[in-house]
Each structure stands twice: as C-alpha cells, then as structure tokens.
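Asker: Before anything else, here's the structure in question.
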Amino acid sequence: ALSKRPARSPINLCMGNKMTASFEACRAKMEADGVSSSAISAFESSFNLLVSGESGMIPESAIAPVESIQKSDDLSIESDASLLSQTVVLKLNGGLGTGMGLDKAKSLLKVKGDDTFLDLTAKQVTAMRETYGQHVKFMLMNSFSTSADTLEFFEKNYPSLAKEEGLEMLQNKVPKLDAETFEPAVCESNPQNEWCPPGHGDLYAALVGSGSLQELLKGGYKYMFVSNSDNLGATMDLKILTHFATSDAPFMMECCERTENDKKGGHLCIRTSDDQLILRESAMCPDEDEPAFQDITKHRFFNTNNLWIRLDKLQEIVDKFGGFIPLPMIKNAKTVDPKDSSSQKVVQLETAMGAAIECFEGASAIVVPRTRFAPVKKCNDLLLLRSDAYVITDDSRAVLNPACGGVAPVVSLDSKKYKLVGKLEAATAGGVPSMVACKRLTIKGLVRMSDKTKFVGDVSITNSSDEAKAVPAGSVEDATLDLTDAAGLGPLKATAVPSAPISGQKPGTSGLRKKTKVFMGEHYLNNFVQSTFDAIKACGTDVSEGSLIIGGDGRYYNDTAIQTIIKMGIANGVTRFWVGKDGLLSTPAVSAVIRERGPVWQKAFGAFILTASHNPGGPEEDFGIKYNCENGGPAPEKLTDLIYQNTTEIQEYKMCADFPEIDIATCGNTCVKSDDGTTEVNVEVIDSTAAHVGLLKTIFDFPAIKALLDRPDFTMIYDSMHGVNGPYAKATFVDELAQDESCLMNATPKDDFNGGHADPNLTYAKELVAIMGLDKKGEKIDVGDKAIPSFGAAADGDGDRNMILGTQFFVTPSDSLAIIAAYADAIPFFKAQGGLKGVARSMPTSGAVDLVAKDLNFDLFETPTGWKYFGNLMDSKDIYGGKDYTPFICGEESFGTGSNHVREKDGIWAVLAWLSILASVNSDASAPLVTVEDIVKKHWAKYGRNYYCRWDFEGMDKPGATAMMDKMRADSEANTGRTVGKYTIATADDFTYVDPVDGSVAQKQGVRFLMTDGSRIVFRLSGTAGSGATVRMYIEQYEPSKDKLDMKVSEALEDLVKIALELCDIKTFCGTETPTVIT
C-alpha cells in the first residue's frame, strides 16, 4: 500500500551523491534474491530519478484541474457479455495494513460479521460467474508478506478457487536505500527489514516478470480490471467493460467525485506542459500546495484505484521501454527498522499503478458512483463499514445503506487513540452502534461503544480521562457528550504495564518450560500470557465469547499464576472463566472440558494449562505453561510461532490489577460487575474431574471393568505419583467402580510431587515397580512371599502419561499401543463406530503397531514427536474437510497413549483400555485369570517382538548436545551404506514429516540410522526439559522368530547399543556414556 504522506525528513541530495551513486549494488542484491529483470528495470528507473535530484513532487503550478469526465450512470451503451471471455479480474492483495496495526494480510480483517475482505471477494467472484454464466478469470497479486496467509485462507474456505491455475501473482520487493549514500540499507538484526514493497505500481513489472502477461495474451485475454482487495464495491460491471472496449482506450481510470472524506487521497489532473491526464498522490504534493490539493471544489475527481487496462497495449509499452513501464517515483523517508526510530535512516521508493495513466496515449477516465468505492484505509472507514451505514448486496458488494440518503456519515475518531485496529475493536467489544441516521460522529478520547447505542444527526463525544468510558445506550441525537467524569469499570479497569522482551520464551511441543524461579521473575509470566492473548486474537479468536479454562497439575506457583492469568484475561477482553477446583485440571481433562462442557453459549475457546508434565516441581524445580485451542488440542506450530514472535516484540501487557482474588478451593461462580454497570465477568470454579470422568464412562464398559476388578483373583495398584491424576483415579475407581482406596497410591496432589519425579517409568516410579516385583531395568526381583498385584499402572504429573505393568512384567509403551490397537473392539467407543480405522505413532516409537495396522488394514501414520500431529489426523475431516481417520488410536514411546475422544494423550484412558482388554479375555469368572503377561506374549507369538529401549541423557550441555546432532546430520551421506558390526546402514537421515492433512512440513525431527534388517537407531533432543538438554537414544530390533521372544532386552540390543554410542560419540560431545534413565 502507498504511504499517504511520508515524513518530511531531509534527504541528502548533494551533488556528490548525484554524481557517484550507482545502481549496481541494488542490481546485485536484487538479482541474488531472484527478483525479475522487469522489476529490476522498473526500480532502476525510479532510482535514476532519485539520484538525478528528482523530488517526485508535482507542484500546483504544473497542473490544471479536470473540469468534467464521462459518468458511468449516463452510459446508454448495450452491455456485451461476450467480452467476459476476454477479461481477467485482478485484486491487489499485497498490503499488511501496518498503518492500522496489522501484521498479516489486511484482507483477512473482518469487515461485516464474520466475513473478511477475502470472504466477500470470493463471494463476489462466485456471484459474478453465476450472474454472467461465464467462468470469468480471477487473479490475486499478493506480496511476499501476504501470500502464505492468503493461499491458506482460500485453501481452507474456498478450495475450488484455490485450485484454479494462475490464481496468484507475487508482487516484487525492492531494497530500502541508505538515506545518505543511496546504497542498499543493512539491518543485521532482521535482514527482512532491508526490503520493502515497491507500491502497487509494481503491478506492471509483476505481470511481465512472472510471465502472467504473456500467458494471458496467449490465452486470448485482452482486458484486465484491477482493484484493491479492500474495496468491496469494485466488482465487474459489464456496462463499464463494454464502454471501455468500444472506446478503444488503452487505459481507463474509475474516478469518484471527492468529498471531505476523500480530500487526502490522490486526485486526477492535467499536466499543463502536454495536456496529459496524470495522477497526483498526496506524497507527490509539496507542503505549500497542500491546501490546493485538499480543495475538493477545485480538484473534483479522485482515483478509486479501479483500473481498466488493455493488455495488448500494455505489452506494446513494455516492449517500447525494454521490459518495464516508466512510472513517476514516490519517495518516502523511513527508518530501516520500522519499529525502531533510531535505526538507520532510509529512502523507500514506490510507484502508483494509477500513475500509468500518463504512459498510455489516449488514456481516459470515467466517473463512477460511490457504490464502487468502499475501501478501508483507517479505523474511521472500518467503523463506518462495520456499522449499519453500509449493507452487503446479494452479489456481496458493500454499498451505502439507502437509508443514508446517498451521503455517508462523516466519522472522525481520535487519531491518537484509534489509529490501530486493536484499539477500535476494544472500543466496540460490545458491538458496533447504529450509524444509519448519523451525519457526523466525532470522538476524542477513549470510549466504549455497543450495539445498544444509536447515533443520530451530529454527535460529538469527549473523554479527557485515561480510562475508556461507556457511551450511553439508546438514541444519542445531535448531542455533545463529555464522559470525563462518568463512572468507569472499577475492578474491571485494565491498565497497560510497560515491559520489554525477555529472551528464551519460545514454546516447544509441550509449551514453555523453565525453572519456577524464572517464571516468578518480573514480567516473565505476564509477557508470555500477553503474547498468547495477542496471538490467539490475531488468529481470529473472539475471547469475549465463550469461556477460558485455566488449570494445571498443582505444582508450585500454580495458584499465583492462575490469579495472574485471570486478571490479564479480563484486561484482554475475556468475560468468562472456568477454573479447576484447587487449580487442578489434568491435561486430558482440559481437553475433555473444552470439547464436552456446555452450555453451547459458554463453550470454551481455549485453555491455559499450567504444567511441566513429568518434570519435577517445587520452588527450585520446573514450571510450565501451554495453550490449548478450541478443538482441545495443543496450539499448532503456526500459533506457537506467533506467540514466540510476540514475546520478542512485546512492549507492554494488560492487567486488571484491582480485580479481587478468586477462592479456587470452593466450587461456584463469582460475578464481578463494573462500576458503570455495562459489563460483568464470571469466574466459575468447576469440579476438576466431572467432565473427564463423565466422558470416560461413555467410552468404556464400566460394569465389565468392575466385574474384573471384583474378581477375588485380581488385584490392582494405581500410582498417581502425587500428581494431578489422584482425584481422577479416586473419582473413577473409588466413586464409580466402588473399589477400596487401597488400590490407589500417592493419590494426593502435592506442589512438589512429594519431592519425587512424577515420571511414570521404571526408574522414577520405583515404589510401584518394586511392588510389582521388578527392578529399574524391568527384570524380576525376589519378593519372597509378598503378594504381587495382577495389574499396576502409574501416571505422571499432569495425568497424560501412563505405565502399564503386570505381575513381575513390564509392558513397553510401544507394545502397549500395539496391543490396544489389536484389541480395540473390546472398547465400546470403537466397536460401536464400526471398529478402529486409523493408528499413528511418533517416529521414535517402535514399529510394533505397524504390524497390527498392516494385519487389520488400518490407516497408519508415522509422525514427529508431539501430540499436535496426531490431533491434525483426528481433525482431518471435521476441520480440514479431508479423509476421516476416526475412530483413531495413537501413541508415543514416552508413555503417552490416547484416542480421538480428546486431543491430548490420556493416562487414565490407557489404564481403562488395558482393564477393558483384561475384562474381555476374562469374561468367564470361573476360568483361570488371563494375565497381562499372557496377553503380551500371545501378541508376540502372532506378530513377533520389537525389542526396544530408550536411553535418556538428562541435563546435558546444550551446545555440546546440539553439536553432536549436527555432526550426525552432516555425516548422513557418508554413513548411508556403511557396515557397522553385523549391521549395514541402509539409510542415515534426519526425519522430515509432510503432514498429509494440512501439508505443513516439520524438519529436523530426529537423526535416524535405518539398518537393512529393519533395526533402527534414533537420536533426538527433547524440548520438554526445564533446563539443559535431554538427549534421547532409541534402539529397536525386530525379532519374528518364536524361539527368540523371551530374551532379555539388554542382551537382545547389546550390539546395537554399542554401535549407537559409536555413531553419536556422546562421550566426546557430552562427557558421558551413562544414561540417566533407561526405559
């Protein structure tokens, strides 16, 4: 988008610069970045004008006003629909709307209800085709900043348009120039800042450089209609097209008669030296001529940027000038970093596409009605367009409401308060007031409006206080209101707390985890929470609707963090919260609450989960926070990337400091109202277990499980490791299945997990492992005459992981996943839906489930580590419109298993799944008990055994661990084909995943050594540790032979382990070959 009026900072145009400035550095930079020769030539033309001393200014003395122009309303020509087959409609979509505080395609801004500019554009195209019965070609000119967002939008919402050939043409980019030397500017902190868009005059260079012009001409296209994507009135008009075609003009500009609202926009005029029609933009007007520029009685017509172009004539001009069109240069004084006014001063050169009117001999203009011009340049325009002063026609055009009598209300919002869209949306969080009967609205200061207000006539509102005050409901007619002393929000008043970026706040696959004391540091938690609110709102979530869930695993600092998030949530517009009793909500329970709890109008839009999962808790240990979305799953990478970007740029966070502390120990609702009575906030403390346990009861056959548990020859023990799972275990096994509490151990949540490490594996769940008659290697120990339970299980800190044990028998997570998949019909949730359809495992997880999937014809997926990848597969149909893979089971070797009932792994679900399997094979109470070991060994006998182990090296030096991984990546080609011991490496690579649902690509997901016999060695760096790095080494060997199924894992994998240690050389890089944990 073109700057309306650049800052008038001095630019060095001394003779030395004029004589010595060379374009060659710019040419080299552009060529190195792949910029087309046409774009380079066009920029060179502007550059030469700059260094020659050309100011780009058009003084009033050099022009004359245009007295009259043909009006489209007066055309009597008969429309010719046959011209449509020769016409292409192109929307300019390169603007980010940075002037309005946007950082993505401006066209993704909602303008009417839930419809964005692009929604209405897509609907206009569809209506145009239906109206004329022809497939009129449609194109977009995107910029490097808007392309990805725009294409994603069309693929998701209008897939048929997205598939059309030639939909997108990319705008070029040009270097910013050092204001002193005119050399390409340098920005070491962010090289992207060295480039800028060349203005919409780049249309012509982009058409040539992309080959689109040649393709269009080859395809028989003769006419092009171009308009801005934010102009919803600019649709194909067959009468205007016919007039353009019959006039034989090479170029025609649509103009409107200027009103007060248009006085700062570019106007049409006549250059007196040659009587040529030209366009003068605001940036081309000298300061002293500004009054004449804004005189709407003198310069009566402004450019709507709706242009009609003869493509064959454009080609002639391009050929004449050697591959480009020479346009007047517009010079803007900026800084290389737009967010740092102290950074290097630069010149940005732009051109305007309407200025091409002076390049086409015989170019013309036509006056069109205001219905063909409804753009949004400022928040004034946006408020007007969102109000009832504009309506959407059947063909999706935004037109002035007939009730306005042909004259749009004049809106003047405080430019200092409402320059940014976010500020306007805060002011209209209660809805947009009626403006259909308004003539003029002037607002000075901060206000809060609502759809309960109707502005009539001339209204002026002032508020000199620093708090936004509510505009009265009802009709406000010809009034001057001073709200300065009006009542405010009281306890709901938000304040902005100055802050600054804190390094290292990049969330991983499981959120952000650091030492507790880091989170307790000044601004640390606040910065991350504010960055998250900003990100989810930027992605389209309306936080004022529905509920925000807050809960966690009960670790130290949870209670304080909850109160902070509530106060920040209110300041960011949240009006309803659901908080787990005592601050407790397991990770799978959060997902269940999001998906299951109602009523519909209160449905959760997302959740903050305060957990560091299996990491230790306490003031000296770890804390964590993650955000889950409205589908119940973890934030996707696009959102976490945006959160991180926000943390690097944050300058302040919002807080309602006076909001009262909430008693989270007692279930119930707290309603807090504002002093002015306009709004209220509800914080409901909910039963932590109800939604999740209620969901589990619909999945499993509880009576059958109870029958198993009641057998005299069956006993179980479930270790919650003092994590959040304790209340869920009690609600399930004691309250629902009527078992004695003695079947539960460590079931009381503690903020430090009783000093333990709440990680359900053989090393850390040592109390349970010993009870089940095993050591930390999973091997049997002598327990004497002590009775060993038939079944044992453990949960981690946040309740999403599980470990399954039988009597003196350990079930690996990989085998557990495979067996649950093989016995899925023992679970009503799967059987009632026609059986399991799909299974997935993380790449490091053993291939045991692959064998089941192949045997039972399930869809199978190998994904990177991270539950969000499973979530995409589960949502393939509902969210992405793809194949339905559900019912679905998935799992990770790190003791995570689950299904599509929620979008997180679910520890207690896995326990109930195993109990369902045991119940199904023990339906005859008189028969001997079929044990966990029996089930696993029967499975091995059928499918073979995947000998598997994982070595964790915790707390490793991160630079050393990273260097180790980089060395293995670098050696991939050399290692492929290499013989090591008795093995040959078939492939050495770094796992890359292309998501079959959304097409996203995840790289560097683990270094793999795949042997010719199917054995594997895998290395990963874990992102879930609170400090240091955890190197994970995975070893797997498949054994189909029935006489080799009972080997000790350590013996079966001994050779592969030695080879793995040799391949990674961890002793050199990290100083040890001794793992912290072996699983």
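Identifiers for the structure tokens are assigned positionally: chains receive A, B, ... in sequence, residues are indexed from 1 per chain, and ligands are indexed from 1 in the order shown.
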Please identify all polymer residues within 10 Å of region 771-786 of chain A, counting only C-alpha atoms, omitting same-chain residues fewer than 2 positions from it, and present them as number ranges by chain.

Answerer: A: 716-717, 761-769, 788-793, 805-812, 1048-1050, 1077-1079

Asker: Tell me, as a ChimeraX atom specification, which residues lie within 8 Å of region 1039-1044 of chain A, counting only C-alpha atoms; anything in the same chain fewer than 2 positions away does not count.

Answerer: /A:941,943-947,1037,1046-1047

Asker: If you keep all heavy atoms, can you produce a file of those selected residues as a short mmCIF file (atom, residue, chain, number, x, y, z; two decimals), in the first residue's frame?

Answerer:
```
data_model
loop_
_atom_site.label_atom_id
_atom_site.label_comp_id
_atom_site.auth_asym_id
_atom_site.auth_seq_id
_atom_site.Cartn_x
_atom_site.Cartn_y
_atom_site.Cartn_z
N ALA A 941 3.66 -63.77 19.91
CA ALA A 941 3.62 -65.03 19.16
C ALA A 941 2.98 -64.83 17.78
O ALA A 941 3.35 -65.47 16.81
CB ALA A 941 2.85 -66.09 19.95
N TYR A 943 2.63 -61.60 16.15
CA TYR A 943 3.21 -60.53 15.35
C TYR A 943 4.74 -60.44 15.41
O TYR A 943 5.33 -59.66 14.66
CB TYR A 943 2.64 -59.18 15.81
CG TYR A 943 1.17 -59.01 15.50
CD1 TYR A 943 0.21 -59.09 16.51
CD2 TYR A 943 0.74 -58.75 14.20
CE1 TYR A 943 -1.13 -58.92 16.23
CE2 TYR A 943 -0.60 -58.58 13.91
CZ TYR A 943 -1.54 -58.67 14.93
OH TYR A 943 -2.86 -58.50 14.64
N GLY A 944 5.38 -61.22 16.28
CA GLY A 944 6.80 -61.04 16.50
C GLY A 944 7.03 -59.97 17.56
O GLY A 944 6.10 -59.29 18.02
N ARG A 945 8.29 -59.83 17.97
CA ARG A 945 8.61 -58.89 19.05
C ARG A 945 9.55 -57.81 18.58
O ARG A 945 10.55 -58.08 17.91
CB ARG A 945 9.22 -59.63 20.23
CG ARG A 945 9.52 -58.72 21.42
CD ARG A 945 10.02 -59.48 22.62
NE ARG A 945 10.29 -58.58 23.75
CZ ARG A 945 10.81 -58.96 24.92
NH1 ARG A 945 11.10 -60.25 25.12
NH2 ARG A 945 11.03 -58.08 25.88
N ASN A 946 9.24 -56.58 18.92
CA ASN A 946 10.11 -55.44 18.66
C ASN A 946 10.90 -55.16 19.93
O ASN A 946 10.40 -54.51 20.85
CB ASN A 946 9.30 -54.20 18.26
CG ASN A 946 8.61 -54.37 16.92
OD1 ASN A 946 7.63 -55.10 16.81
ND2 ASN A 946 9.13 -53.72 15.89
N TYR A 947 12.12 -55.70 20.01
CA TYR A 947 12.97 -55.39 21.16
C TYR A 947 13.33 -53.90 21.09
O TYR A 947 13.76 -53.41 20.05
CB TYR A 947 14.24 -56.25 21.14
CG TYR A 947 13.98 -57.67 21.58
CD1 TYR A 947 13.81 -58.69 20.64
CD2 TYR A 947 13.92 -57.98 22.93
CE1 TYR A 947 13.57 -59.99 21.04
CE2 TYR A 947 13.68 -59.30 23.35
CZ TYR A 947 13.51 -60.29 22.39
OH TYR A 947 13.26 -61.57 22.81
N GLN A 1037 15.08 -53.49 17.55
CA GLN A 1037 15.39 -54.63 16.67
C GLN A 1037 14.17 -55.54 16.63
O GLN A 1037 13.67 -55.96 17.68
CB GLN A 1037 16.61 -55.41 17.16
CG GLN A 1037 16.94 -56.62 16.29
CD GLN A 1037 18.31 -57.20 16.59
OE1 GLN A 1037 19.30 -56.48 16.56
NE2 GLN A 1037 18.35 -58.49 16.89
N ASP A 1046 11.80 -64.42 24.22
CA ASP A 1046 11.94 -64.26 25.67
C ASP A 1046 13.33 -63.82 26.08
O ASP A 1046 13.74 -64.03 27.23
CB ASP A 1046 11.58 -65.57 26.37
CG ASP A 1046 10.09 -65.86 26.30
OD1 ASP A 1046 9.32 -64.89 26.45
OD2 ASP A 1046 9.71 -67.02 26.10
N MET A 1047 14.06 -63.21 25.20
CA MET A 1047 15.39 -62.73 25.54
C MET A 1047 15.28 -61.50 26.44
O MET A 1047 14.27 -60.79 26.44
CB MET A 1047 16.16 -62.34 24.27
CG MET A 1047 16.40 -63.47 23.29
SD MET A 1047 17.15 -62.88 21.75
CE MET A 1047 18.72 -62.25 22.34
#
```

Asker: What gap, in Å, lies between CA of Asn872 (chain A) and CA of Asp622 (chain A)?

Answerer: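 Atom-to-atom, CA of Asn872 (chain A) and CA of Asp622 (chain A) are spaced 28.9 Å apart.
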
Asker: Between CA of Gly624 (chain A) and CA of Thr647 (chain A), what is the distance in Å, rounded to a tenth?

Answerer: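 CA of Thr647 (chain A) lies 15.8 Å from CA of Gly624 (chain A).
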
Asker: Using DSSP on the backbone coordinates, identify the residues of region 112-326 of chain A assigned to helix (DSSP H, G or I); present them as a PyMOL selection string.

Answerer: chain A and resi 117-132+147-157+159-162+191-194+200-209+212-218+238-247+260-262+282-284+287-293+311-320

Asker: Using only C-alpha atoms, determine which residues lie at most 9 Å from Met520 (chain A), disregarding the query and same-chain residues fewer than 5 positions distant; provide the list as a list in words.

Answerer: Lys515, Leu525, Tyr557 and Ala561 of chain A

Asker: Counting only C-alpha atoms, figure out which residue out of A:Gly907, A:Gly1014, A:Pro619, A:Gly866 gets nearest to Asp759 (chain A).

Answerer: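 Ranking A:Gly907, A:Gly1014, A:Pro619, A:Gly866 by distance to Asp759 (chain A), first place goes to A:Gly907.
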
Asker: Please list as a list of chain:residue names every residue within 9 Å of Glu260 (chain A), counting only C-alpha atoms and excluding residues in the same chain fewer than 6 positions away.

Answerer: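 The residues that qualify are A:Gln294, A:Ile296, A:Val410.
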